[in-house]
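Engineer: Mind having a look at this structure? Questions to follow.
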Amino acid sequence: MIYLSRFKICSDVQEAGLKIGGMSVYDLFTEDEYYPAKILSSKRLSTVDFEDITVFYGGNGSGKTTLLNIIAEKLNLFRYTSYLQTFVFSEYIKYCQYKTEGKISLNSKFLASDDIFTHILSVREDNKGINQLKREKLDYSSQAKYKPETIYPHGAQVDFDDPDDVNRFMEYAEARRKSRKQFVRSRAGTMQRQYSNGENALMFFDKQIEENALYLLDEPENSLSPRFQLELKTLIEDSVRFHKCQFIIATHSPFMLSLRNAKIYNLDETPVTVEKWHELENIKLMYDLFQENKEFFES
């Protein structure tokens with residue numbers, strides 16, 4: 001399902017008109033000052049036409065993530081993490097234009113590899129906090145059952161007009177009544193199951209990708225083993241086929257490049273070219289490597 005059909009990028013002529021403090025961005029010296037100007041115009045890329053799956057391929061510094069950021073900002077897509085956005089950026093995207101074939105759903109979003117790492121770390125931190133609370137509640141349960149005088153030295157006296165005092169007594173009564181296991185579980189919660197980074201990343205994408213929406217994925221292969229990259233590839237293809245999703249992906253993973261019927265823009269070339277995944281130089285190098293060592297696989 002195609003929602004975004006075409007995106008026209010700010011031209012070099014329009015870039016030259018962008019100014020900071022009266023100075024043209026073309027007279028600025030550092031990328032931090034003029035970003036994202038000069039990045040894509042140097043590739044002589046002016047217009048991108050999209051399919052159900054469109055891939056921006058290229059090495060580090062090729063501009064594939066920059067292009068994703070420009071599209072996401074122009075479409076005002078939801079994103080979890082921030083990114084480098086200079087004064088020029090907001091002016092730059094005013095010159096960008098796009099064409100749609102259907103309404104872009106509010107569920108549409110930009111998902112970056114940093115989002116995956118944040119998710120994994122969040123699970124770990126949540127579990128760490130729960131584990132600490134479990135130890136505290138275990139100690140409290142032992143005190144309530146076997147040394148209640150350490151909690152109420154002069155016997156239980158409750159001010160029923162004080163909600164905090166009532167809550168403290170209710171916890172004490174619960175610790176006395178329940179088994180240690182029951183009490184700890186009710187008060188500390190349950191830790192999330194610890195999965196591998198790859199499993200967590202795949203579950204993250206499975207949860208984030210909903211029906212009838214546009215998704216921009218920035219190097220989704222990070223933290224995924226080849227097996228999980230293939231599973232993500234299947235998830236993306238199925239989301240297009242059965243759930244009417246559209247994907248725009250920045251990647252250099254051979255597994256993501258092999259997405260069925262993907263349109264691939266090669267940002268390593270100037271001007272940028274559209275190529276089949278098996279025509280890309282890096283894929284050919286991998287093919288040659290395996291061909292040279294095929295006896296190890298065919299014996």
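Residue numbering restarts at 1 for every chain of the structure tokens, chains are lettered A, B, ... in their displayed order, and ligands are numbered from 1 as they appear.
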With only C-alpha atoms as the counted atoms, please give the residues lying no more than 12 Å from Glu136 in chain A, apart from itself and same-chain residues fewer than 2 positions off, as a list in words.
Structural biologist: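 Close residues of Glu136 in chain A: Gly129, Ile130, Asn131, Gln132, Leu133, Lys134, Leu138, Asp139, Tyr140, Ser141, Ser142, Gln143, Arg180, Phe183, Val184, Arg185, Arg187 and Ala188 of chain A.
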Engineer: Name the residues in contact with range 275-285 of chain A at a cut-off of 9 Å, using only C-alpha atoms, excluding same-chain residues fewer than 5 positions from it; report them as a PyMOL selection string.
Structural biologist: chain A and resi 252+254+257-259+262-266+290
Engineer: Using only C-alpha atoms, find the one residue out of A:Cys10, A:Ile53, A:Ala112, A:Ile20 that sits nearest to Ile236 in chain A.
Structural biologist: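 Among A:Cys10, A:Ile53, A:Ala112, A:Ile20, it is A:Ile53 that comes nearest to Ile236 in chain A.
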Engineer: Applying 6 Å and only C-alpha atoms, which residues near Cys245 in chain A remain after dropping the ones on its own chain fewer than 5 positions away? List them as an NGL selection string.
Structural biologist: :A and (1 or 212-214 or 239-240)
Engineer: Give me, as a list in words, the residues of range 39-76 of chain A that a backbone DSSP run labels helix (DSSP H, G or I).
Structural biologist: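 Restricting range 39-76 of chain A to helix (DSSP H, G or I) produces Ser41, Ser42, Lys43, Lys64, Thr65, Thr66, Leu67, Leu68, Asn69, Ile70, Ile71, Ala72, Glu73, Lys74 and Leu75 of chain A.
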Engineer: Quick check, in Å to one decimal: how far apart do CA of Leu267 in chain A and CA of Phe78 in chain A lie?
Structural biologist: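 Pair CA of Leu267 in chain A / CA of Phe78 in chain A returns 25.1 Å.
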Engineer: Among range 23-133 of chain A, which ones does DSSP place in strand (DSSP E or B), written as a PDB file with N, CA and C atoms, in the first residue's frame?
Structural biologist:
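Now in part.pdb:
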ATOM      1  N   MET A  23      24.472  35.219   6.183  1.00  0.00           N
ATOM      2  CA  MET A  23      25.491  34.504   5.413  1.00  0.00           C
ATOM      3  C   MET A  23      24.881  33.268   4.766  1.00  0.00           C
ATOM      4  N   SER A  24      25.154  33.051   3.493  1.00  0.00           N
ATOM      5  CA  SER A  24      24.658  31.877   2.785  1.00  0.00           C
ATOM      6  C   SER A  24      25.237  30.608   3.400  1.00  0.00           C
ATOM      7  N   THR A  47      14.540  14.065  -6.580  1.00  0.00           N
ATOM      8  CA  THR A  47      13.204  13.495  -6.382  1.00  0.00           C
ATOM      9  C   THR A  47      13.305  12.003  -6.073  1.00  0.00           C
ATOM     10  N   VAL A  48      12.493  11.570  -5.133  1.00  0.00           N
ATOM     11  CA  VAL A  48      12.416  10.143  -4.795  1.00  0.00           C
ATOM     12  C   VAL A  48      10.994   9.673  -5.047  1.00  0.00           C
ATOM     13  N   ASP A  49      10.840   8.612  -5.828  1.00  0.00           N
ATOM     14  CA  ASP A  49       9.538   7.975  -6.055  1.00  0.00           C
ATOM     15  C   ASP A  49       9.508   6.667  -5.278  1.00  0.00           C
ATOM     16  N   ILE A  53       7.872  -0.903  -0.619  1.00  0.00           N
ATOM     17  CA  ILE A  53       9.112  -0.935   0.162  1.00  0.00           C
ATOM     18  C   ILE A  53      10.172  -0.180  -0.631  1.00  0.00           C
ATOM     19  N   THR A  54      10.707   0.868  -0.038  1.00  0.00           N
ATOM     20  CA  THR A  54      11.771   1.646  -0.664  1.00  0.00           C
ATOM     21  C   THR A  54      12.971   1.640   0.273  1.00  0.00           C
ATOM     22  N   VAL A  55      14.143   1.383  -0.290  1.00  0.00           N
ATOM     23  CA  VAL A  55      15.356   1.275   0.516  1.00  0.00           C
ATOM     24  C   VAL A  55      16.366   2.339   0.085  1.00  0.00           C
ATOM     25  N   PHE A  56      16.941   3.026   1.079  1.00  0.00           N
ATOM     26  CA  PHE A  56      18.073   3.915   0.842  1.00  0.00           C
ATOM     27  C   PHE A  56      19.326   3.177   1.283  1.00  0.00           C
ATOM     28  N   TYR A  57      20.168   2.858   0.320  1.00  0.00           N
ATOM     29  CA  TYR A  57      21.374   2.071   0.589  1.00  0.00           C
ATOM     30  C   TYR A  57      22.599   2.958   0.474  1.00  0.00           C
ATOM     31  N   PHE A  78       5.693  10.780  14.018  1.00  0.00           N
ATOM     32  CA  PHE A  78       6.076  10.526  15.410  1.00  0.00           C
ATOM     33  C   PHE A  78       7.436   9.838  15.447  1.00  0.00           C
ATOM     34  N   ARG A  79       8.260  10.217  16.428  1.00  0.00           N
ATOM     35  CA  ARG A  79       9.540   9.536  16.631  1.00  0.00           C
ATOM     36  C   ARG A  79       9.861   9.551  18.122  1.00  0.00           C
ATOM     37  N   GLN A  97       8.875  19.138  -0.937  1.00  0.00           N
ATOM     38  CA  GLN A  97       7.473  18.897  -1.254  1.00  0.00           C
ATOM     39  C   GLN A  97       7.231  17.397  -1.360  1.00  0.00           C
ATOM     40  N   TYR A  98       5.980  16.999  -1.150  1.00  0.00           N
ATOM     41  CA  TYR A  98       5.675  15.571  -1.263  1.00  0.00           C
ATOM     42  C   TYR A  98       4.274  15.362  -1.824  1.00  0.00           C
ATOM     43  N   LYS A  99       4.078  14.153  -2.331  1.00  0.00           N
ATOM     44  CA  LYS A  99       2.787  13.773  -2.907  1.00  0.00           C
ATOM     45  C   LYS A  99       2.347  12.468  -2.267  1.00  0.00           C
ATOM     46  N   THR A 100       1.071  12.393  -1.899  1.00  0.00           N
ATOM     47  CA  THR A 100       0.535  11.174  -1.283  1.00  0.00           C
ATOM     48  C   THR A 100      -0.543  10.563  -2.173  1.00  0.00           C
ATOM     49  N   LYS A 109       5.193   6.217  11.840  1.00  0.00           N
ATOM     50  CA  LYS A 109       6.258   6.691  12.725  1.00  0.00           C
ATOM     51  C   LYS A 109       7.643   6.414  12.155  1.00  0.00           C
ATOM     52  N   PHE A 110       8.619   7.075  12.757  1.00  0.00           N
ATOM     53  CA  PHE A 110      10.039   6.889  12.454  1.00  0.00           C
ATOM     54  C   PHE A 110      10.623   6.024  13.566  1.00  0.00           C
ATOM     55  N   LEU A 111      11.258   4.919  13.202  1.00  0.00           N
ATOM     56  CA  LEU A 111      11.866   4.026  14.185  1.00  0.00           C
ATOM     57  C   LEU A 111      13.353   3.908  13.898  1.00  0.00           C
ATOM     58  N   ALA A 112      14.164   4.298  14.871  1.00  0.00           N
ATOM     59  CA  ALA A 112      15.617   4.282  14.711  1.00  0.00           C
ATOM     60  C   ALA A 112      16.230   3.152  15.531  1.00  0.00           C
TER      61      ALA A 112
END
Engineer: Quick check, in Å to one decimal: how far apart do CA of Leu68 in chain A and CA of Ser42 in chain A lie?
Structural biologist: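 Going from CA of Leu68 in chain A over to CA of Ser42 in chain A covers 16.6 Å.
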Engineer: From the set A:Asp218, A:Tyr172, A:Glu210, A:Leu75, which residue has the shortest atom-to-atom contact distance to Ile248 in chain A, counting only C-alpha atoms?
Structural biologist: A:Asp218
